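*Asks:* Structure provided below as structure tokens; questions to follow.
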Amino acid sequence: MGEHILILGGGIIGLSCAFEAARRGKRVTVLEPDRFGGQASGAAAGMLAPYSENTEQPDSFFDLCLYSFNKYEAWTKAVEDCSGMDAQLMRTGSVNIAFHEADVLPMQTRLLWQNTRGARAELVEGAALRKLEPRLTERAVAGLYCPEESHVYAPNLVVALHEACRRLGVRLIDYAGAIAAVHNGSDAGVAVTTASGERYEGDRLVICAGAWTGAYAETLGFSPEVHPIRGQICAFDCAPAEVRHMVFTSQAYWVGKGNGTVVCGASEDVAGFDTTVTERGIERLIRATDRSFPFLAGKPTVKRWAGLRPATRDGRPLIGIPDGKPDIVVAAGHYRNGILLSPGTASLVADLLDGKETELDMYDFRPERFRSTSSGNRPRTNERVALEV
């Protein structure tokens, strides 16, 4: 019987880690305090846009995004084959819009380094831009077209992952309530106790708690510095051919979905754990839509929703085995890139659980990096140290 892994959190990251661990022969239990995919995962627009999300330089975060993106097609197929469901992966490409000539030069600079890393992007203007997006405002002077980028329908992907995990024998426990305690179990394993008194034991623990990761500071021995950012999104009725690509501006983005809507996001603010949809937040998106796609001006939204995005101080996720905690793996703080980073994170976490060398250098994502007392010495990748009891 394989090693038993307890996973805390049933969002896209938790389910992805469960799927990969189960495929590698682990026994897996996922504990979700509420419903699976109920926060950032189910509310996401599902964009797979490593180039559009990284416009400045090819740093370690870009490497992580591209690493995960390059796994996406095969990984999605594996999820779909296992679950018998369609995640609606759409290879539409993306267009980043410039409304002023001064914005074109940064696009040209970005084009140079991104094309050396597989973007196959090009700067389009005039008739070429109108051909790509005929319904775009005439105010747009240029666009950076990246044919490689794509998107999935996030709610479908979450449901498909949940079903794939179930078929692989993963124990899926939703509405578990608050996790009251995490501690050493018997035989040097780990144990989790819920607020209702239920106890679950395993060999290793993976913390995928999203915006709630800070609740495990005592378990980790440091504050993980993950905090919630409310992201508000809306959708309009729209024929699929009206918005052909993922379209990005400095104010908003638009993604046409297969269900006959175009999703517009995301208005962000700091509101603690409040997921209330506000008029102010949605009005910002409506104004941006009116300016960028005049044919949608005045059309009512058909849906409005919000989710909590788990942000870290430096914008990078926490992925790794914390110093002094060899029985724990952290995979949290993915902010607005949880969908994109799912297969990559799951693969890295599974490698850590297997004791394998990871394919990427994980130093910049180490979970304890915000701890003021942490050493400045660079550890070896996947180094395991004695458990502090």
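Chain identifiers are assigned as A, B, and so on, following the order in which chains appear in the structure tokens; residues are numbered from 1 within each chain, and ligands are numbered from 1 in order of appearance.
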Would you list the contacts of segment 303-318 of chain A as a PyMOL selection string, taking every protein, DNA or RNA residue within 7 Å and counting only C-alpha atoms, but skipping same-chain residues closer than 4 positions in sequence?
*Replies:* chain A and resi 39-40+43+61+210-211+225-235+275-277+330-336+365-367
*Asks:* Tell me, counting only C-alpha atoms, for each residue of segment 73-127 of chain A within 6 Å of segment 141-150 of chain A, which pair of atoms is nearest and how far apart they are in Å to one decimal, in rows ordered by chain and increasing number, as a tab-separated table.
*Replies:*
residue	atom	partner	partner_atom	distance
A:Met90	CA	A:Ser150	CA	5.6
A:Arg91	CA	A:Ser150	CA	4.4
A:Thr92	CA	A:Ser150	CA	5.4
A:Gly93	CA	A:Pro147	CA	4.0
A:Ser94	CA	A:Cys146	CA	5.2
A:Val95	CA	A:Tyr145	CA	4.5
A:Asn96	CA	A:Leu144	CA	5.0
A:Ile97	CA	A:Gly143	CA	4.4
A:Ala98	CA	A:Ala142	CA	5.2
A:Phe99	CA	A:Val141	CA	5.4
A:Ala121	CA	A:Cys146	CA	4.3
A:Glu122	CA	A:Tyr145	CA	5.4
A:Leu123	CA	A:Leu144	CA	4.7
A:Val124	CA	A:Gly143	CA	5.3
A:Glu125	CA	A:Ala142	CA	4.5
*Asks:* Got time to write the residues from that selection, C-alpha atoms, as a compact mmCIF listing (two decimals), in the first residue's frame?
*Replies:*
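result14.txt, freshly written:
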# COMPACT_ATOMS: atom_id res chain seq x y z
CA MET A 90 -9.62 26.53 -26.06
CA ARG A 91 -6.50 27.49 -28.02
CA THR A 92 -7.60 31.00 -28.95
CA GLY A 93 -4.38 32.94 -28.55
CA SER A 94 -4.27 36.38 -26.94
CA VAL A 95 -4.03 40.03 -27.93
CA ASN A 96 -2.60 42.68 -25.60
CA ILE A 97 -3.93 46.07 -26.65
CA ALA A 98 -2.13 49.45 -26.81
CA PHE A 99 -4.28 52.59 -26.93
CA ALA A 121 4.24 36.69 -30.88
CA GLU A 122 3.95 39.56 -33.35
CA LEU A 123 2.99 43.22 -33.21
CA VAL A 124 -0.16 43.89 -35.24
CA GLU A 125 -1.61 47.23 -36.27
*Asks:* Report, in Å to a single decimal, how far apart atom CA of Pro224 of chain A and atom CA of Asp59 of chain A are.
*Replies:*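 We find that atom CA of Asp59 of chain A and atom CA of Pro224 of chain A lie 21.8 Å from each other.
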*Asks:* Identify, on the basis of only C-alpha atoms, every residue whose closest approach to segment 163-173 of chain A does not exceed 10 Å; exclude the query and any residue fewer than 3 positions from it along the same chain; express the result as a ChimeraX atom specification.
*Replies:* /A:5-7,9-10,15-23,25-36,78-85,157-160,176
*Asks:* Convert the current residue selection to file output with C-alpha atoms, as a PDB file, in the first residue's frame.
*Replies:*
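Now in selection.pdb:
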ATOM      1  CA  ILE A   5      -0.964  11.784   1.826  1.00  0.00           C
ATOM      2  CA  LEU A   6      -3.296  14.225   3.577  1.00  0.00           C
ATOM      3  CA  ILE A   7      -4.088  17.327   1.512  1.00  0.00           C
ATOM      4  CA  GLY A   9      -7.645  22.375   0.656  1.00  0.00           C
ATOM      5  CA  GLY A  10      -9.867  21.325  -2.228  1.00  0.00           C
ATOM      6  CA  LEU A  15      -7.182  18.679  -6.388  1.00  0.00           C
ATOM      7  CA  SER A  16      -4.303  18.833  -8.889  1.00  0.00           C
ATOM      8  CA  CYS A  17      -1.813  17.667  -6.254  1.00  0.00           C
ATOM      9  CA  ALA A  18      -4.207  14.865  -5.270  1.00  0.00           C
ATOM     10  CA  PHE A  19      -4.595  13.772  -8.894  1.00  0.00           C
ATOM     11  CA  GLU A  20      -0.850  13.646  -9.506  1.00  0.00           C
ATOM     12  CA  ALA A  21      -0.050  11.935  -6.202  1.00  0.00           C
ATOM     13  CA  ALA A  22      -2.723   9.296  -6.835  1.00  0.00           C
ATOM     14  CA  ARG A  23      -1.363   8.692 -10.348  1.00  0.00           C
ATOM     15  CA  GLY A  25       0.584   5.337  -6.456  1.00  0.00           C
ATOM     16  CA  LYS A  26      -0.063   7.326  -3.289  1.00  0.00           C
ATOM     17  CA  ARG A  27      -3.145   6.937  -1.107  1.00  0.00           C
ATOM     18  CA  VAL A  28      -4.670  10.390  -0.833  1.00  0.00           C
ATOM     19  CA  THR A  29      -7.250  12.091   1.359  1.00  0.00           C
ATOM     20  CA  VAL A  30      -8.338  15.662   0.565  1.00  0.00           C
ATOM     21  CA  LEU A  31      -9.974  17.725   3.302  1.00  0.00           C
ATOM     22  CA  GLU A  32     -11.907  20.782   2.169  1.00  0.00           C
ATOM     23  CA  PRO A  33     -13.468  23.016   4.864  1.00  0.00           C
ATOM     24  CA  ASP A  34     -16.274  24.100   2.519  1.00  0.00           C
ATOM     25  CA  ARG A  35     -17.073  22.947  -1.020  1.00  0.00           C
ATOM     26  CA  PHE A  36     -14.515  21.891  -3.601  1.00  0.00           C
ATOM     27  CA  ALA A  78      -5.190  12.973 -18.712  1.00  0.00           C
ATOM     28  CA  VAL A  79      -7.813  14.637 -16.489  1.00  0.00           C
ATOM     29  CA  GLU A  80     -10.453  14.402 -19.226  1.00  0.00           C
ATOM     30  CA  ASP A  81      -9.620  10.762 -20.031  1.00  0.00           C
ATOM     31  CA  CYS A  82      -9.792   9.800 -16.367  1.00  0.00           C
ATOM     32  CA  SER A  83     -12.968  11.744 -15.581  1.00  0.00           C
ATOM     33  CA  GLY A  84     -14.835  11.351 -18.887  1.00  0.00           C
ATOM     34  CA  MET A  85     -15.486  15.120 -18.829  1.00  0.00           C
ATOM     35  CA  LEU A 157     -11.898  21.763 -14.932  1.00  0.00           C
ATOM     36  CA  VAL A 158     -12.559  21.718 -11.185  1.00  0.00           C
ATOM     37  CA  VAL A 159     -15.456  19.279 -11.605  1.00  0.00           C
ATOM     38  CA  ALA A 160     -13.406  17.080 -13.953  1.00  0.00           C
ATOM     39  CA  ALA A 176     -15.104  19.318   6.823  1.00  0.00           C
TER      40      ALA A 176
END
*Asks:* Excluding segment 247-256 of chain A and residues on its chain fewer than 4 positions from it, collect all residues at most 7 Å away from it, counting only C-alpha atoms, and give them as a list in words.
*Replies:*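 The contact residues come out as Ser94, Val95, Asn96, Ile97, Pro240, Val243, Thr261, Val262, Val263, Cys264, Gly265, Ala266, Leu285 and Ala288 of chain A.
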*Asks:* Excluding Arg287 of chain A and any residue of its chain fewer than 6 positions from it, enumerate the residues within 12 Å of it, using only C-alpha atoms, and give them as an MDAnalysis selection string.
*Replies:* chainID A and resid 251:252 264:265 267 279:281 293:294 296:299
*Asks:* Would you write out those residues with C-alpha atoms, as a PDB file, in the first residue's frame?
*Replies:*
ATOM      1  CA  GLN A 251      -7.862  48.070 -17.249  1.00  0.00           C
ATOM      2  CA  ALA A 252      -9.381  44.621 -17.774  1.00  0.00           C
ATOM      3  CA  CYS A 264     -14.609  40.271 -18.047  1.00  0.00           C
ATOM      4  CA  GLY A 265     -12.284  40.639 -15.100  1.00  0.00           C
ATOM      5  CA  SER A 267     -11.608  44.185 -10.346  1.00  0.00           C
ATOM      6  CA  GLU A 279     -21.420  47.784  -7.626  1.00  0.00           C
ATOM      7  CA  ARG A 280     -18.199  49.771  -7.570  1.00  0.00           C
ATOM      8  CA  GLY A 281     -16.079  46.787  -8.529  1.00  0.00           C
ATOM      9  CA  PHE A 293     -15.811  46.731 -27.049  1.00  0.00           C
ATOM     10  CA  PRO A 294     -18.453  49.328 -27.977  1.00  0.00           C
ATOM     11  CA  LEU A 296     -21.241  45.515 -25.625  1.00  0.00           C
ATOM     12  CA  ALA A 297     -21.953  49.041 -24.322  1.00  0.00           C
ATOM     13  CA  GLY A 298     -25.244  49.148 -22.481  1.00  0.00           C
ATOM     14  CA  LYS A 299     -25.678  45.376 -22.404  1.00  0.00           C
TER      15      LYS A 299
END
*Asks:* I need the alpha helix (DSSP H) residues of segment 34-129 of chain A per DSSP on the backbone, written as number ranges by chain.
*Replies:* A: 40-43, 50-53, 60-69, 72-83, 104-115, 126-129
*Asks:* Would you mind exporting N, CA and C atoms of the selected residues as a short mmCIF file (atom, residue, chain, number, x, y, z; two decimals), in the first residue's frame?
*Replies:*
data_model
loop_
_atom_site.label_atom_id
_atom_site.label_comp_id
_atom_site.auth_asym_id
_atom_site.auth_seq_id
_atom_site.Cartn_x
_atom_site.Cartn_y
_atom_site.Cartn_z
N ALA A 40 -11.15 30.86 -5.21
CA ALA A 40 -10.49 31.39 -6.40
C ALA A 40 -10.64 30.47 -7.61
N SER A 41 -10.65 29.15 -7.38
CA SER A 41 -10.67 28.19 -8.49
C SER A 41 -11.94 28.29 -9.33
N GLY A 42 -13.08 28.17 -8.68
CA GLY A 42 -14.33 28.19 -9.41
C GLY A 42 -14.67 29.54 -9.97
N ALA A 43 -14.07 30.61 -9.40
CA ALA A 43 -14.37 31.97 -9.85
C ALA A 43 -13.42 32.46 -10.94
N PRO A 50 1.01 32.60 -19.83
CA PRO A 50 2.29 32.88 -19.18
C PRO A 50 2.99 34.11 -19.73
N TYR A 51 2.78 34.40 -21.03
CA TYR A 51 3.44 35.56 -21.62
C TYR A 51 2.73 36.86 -21.26
N SER A 52 1.41 36.82 -21.21
CA SER A 52 0.65 38.02 -20.85
C SER A 52 0.76 38.34 -19.37
N GLU A 53 0.99 37.32 -18.54
CA GLU A 53 1.13 37.55 -17.10
C GLU A 53 2.54 38.00 -16.72
N SER A 60 12.34 33.84 -12.41
CA SER A 60 12.00 32.48 -11.95
C SER A 60 10.49 32.24 -11.97
N PHE A 61 9.70 33.29 -11.74
CA PHE A 61 8.25 33.12 -11.79
C PHE A 61 7.79 32.84 -13.22
N PHE A 62 8.37 33.54 -14.19
CA PHE A 62 8.05 33.25 -15.59
C PHE A 62 8.42 31.81 -15.93
N ASP A 63 9.58 31.37 -15.47
CA ASP A 63 10.01 29.98 -15.73
C ASP A 63 8.98 28.99 -15.18
N LEU A 64 8.46 29.27 -13.98
CA LEU A 64 7.45 28.40 -13.39
C LEU A 64 6.17 28.41 -14.22
N CYS A 65 5.74 29.59 -14.65
CA CYS A 65 4.53 29.69 -15.47
C CYS A 65 4.68 28.94 -16.78
N LEU A 66 5.81 29.10 -17.43
CA LEU A 66 6.03 28.43 -18.72
C LEU A 66 6.17 26.92 -18.53
N TYR A 67 6.83 26.51 -17.46
CA TYR A 67 6.96 25.09 -17.13
C TYR A 67 5.59 24.45 -17.00
N SER A 68 4.69 25.11 -16.29
CA SER A 68 3.34 24.56 -16.09
C SER A 68 2.53 24.62 -17.39
N PHE A 69 2.66 25.72 -18.10
CA PHE A 69 1.93 25.88 -19.37
C PHE A 69 2.29 24.77 -20.36
N TYR A 72 0.33 21.64 -19.92
CA TYR A 72 -1.12 21.75 -19.80
C TYR A 72 -1.91 20.85 -20.74
N GLU A 73 -1.53 20.79 -21.98
CA GLU A 73 -2.32 20.03 -22.94
C GLU A 73 -2.37 18.54 -22.57
N ALA A 74 -1.20 17.95 -22.28
CA ALA A 74 -1.16 16.53 -21.92
C ALA A 74 -1.85 16.29 -20.58
N TRP A 75 -1.66 17.22 -19.65
CA TRP A 75 -2.28 17.07 -18.32
C TRP A 75 -3.80 17.17 -18.40
N THR A 76 -4.30 18.13 -19.17
CA THR A 76 -5.75 18.28 -19.33
C THR A 76 -6.34 17.03 -19.97
N LYS A 77 -5.65 16.49 -20.96
CA LYS A 77 -6.14 15.27 -21.61
C LYS A 77 -6.19 14.12 -20.59
N ALA A 78 -5.19 14.03 -19.73
CA ALA A 78 -5.19 12.97 -18.71
C ALA A 78 -6.37 13.13 -17.76
N VAL A 79 -6.66 14.38 -17.36
CA VAL A 79 -7.81 14.64 -16.49
C VAL A 79 -9.11 14.27 -17.20
N GLU A 80 -9.24 14.68 -18.46
CA GLU A 80 -10.45 14.40 -19.23
C GLU A 80 -10.63 12.91 -19.46
N ASP A 81 -9.54 12.22 -19.79
CA ASP A 81 -9.62 10.76 -20.03
C ASP A 81 -10.03 10.03 -18.76
N CYS A 82 -9.49 10.47 -17.63
CA CYS A 82 -9.79 9.80 -16.37
C CYS A 82 -11.21 10.10 -15.89
N SER A 83 -11.66 11.32 -16.10
CA SER A 83 -12.97 11.74 -15.58
C SER A 83 -14.11 11.51 -16.56
N VAL A 104 3.53 51.26 -27.35
CA VAL A 104 3.97 50.27 -28.33
C VAL A 104 5.42 49.86 -28.10
N LEU A 105 6.28 50.80 -27.73
CA LEU A 105 7.70 50.49 -27.53
C LEU A 105 7.91 49.42 -26.46
N PRO A 106 7.27 49.51 -25.29
CA PRO A 106 7.41 48.40 -24.32
C PRO A 106 6.97 47.06 -24.89
N MET A 107 5.96 47.07 -25.74
CA MET A 107 5.52 45.82 -26.37
C MET A 107 6.61 45.26 -27.27
N GLN A 108 7.30 46.14 -27.99
CA GLN A 108 8.37 45.68 -28.88
C GLN A 108 9.53 45.08 -28.08
N THR A 109 9.83 45.70 -26.94
CA THR A 109 10.89 45.17 -26.07
C THR A 109 10.49 43.80 -25.53
N ARG A 110 9.26 43.70 -25.08
CA ARG A 110 8.74 42.44 -24.56
C ARG A 110 8.75 41.35 -25.63
N LEU A 111 8.41 41.73 -26.84
CA LEU A 111 8.37 40.79 -27.96
C LEU A 111 9.72 40.09 -28.15
N LEU A 112 10.81 40.84 -28.00
CA LEU A 112 12.14 40.31 -28.26
C LEU A 112 12.47 39.16 -27.33
N TRP A 113 12.28 39.36 -26.00
CA TRP A 113 12.68 38.28 -25.09
C TRP A 113 11.67 37.15 -25.06
N GLN A 114 10.37 37.47 -25.23
CA GLN A 114 9.38 36.40 -25.17
C GLN A 114 9.46 35.48 -26.38
N ASN A 115 9.81 36.00 -27.53
CA ASN A 115 9.91 35.14 -28.71
C ASN A 115 11.10 34.19 -28.65
N GLY A 126 -3.40 48.39 -37.40
CA GLY A 126 -4.29 48.68 -38.51
C GLY A 126 -5.19 47.54 -38.90
N ALA A 127 -5.17 47.22 -40.21
CA ALA A 127 -6.07 46.20 -40.75
C ALA A 127 -5.81 44.83 -40.14
N ALA A 128 -4.55 44.54 -39.82
CA ALA A 128 -4.22 43.23 -39.24
C ALA A 128 -4.86 43.09 -37.85
N LEU A 129 -4.87 44.16 -37.07
CA LEU A 129 -5.51 44.13 -35.76
C LEU A 129 -7.02 43.98 -35.89
#
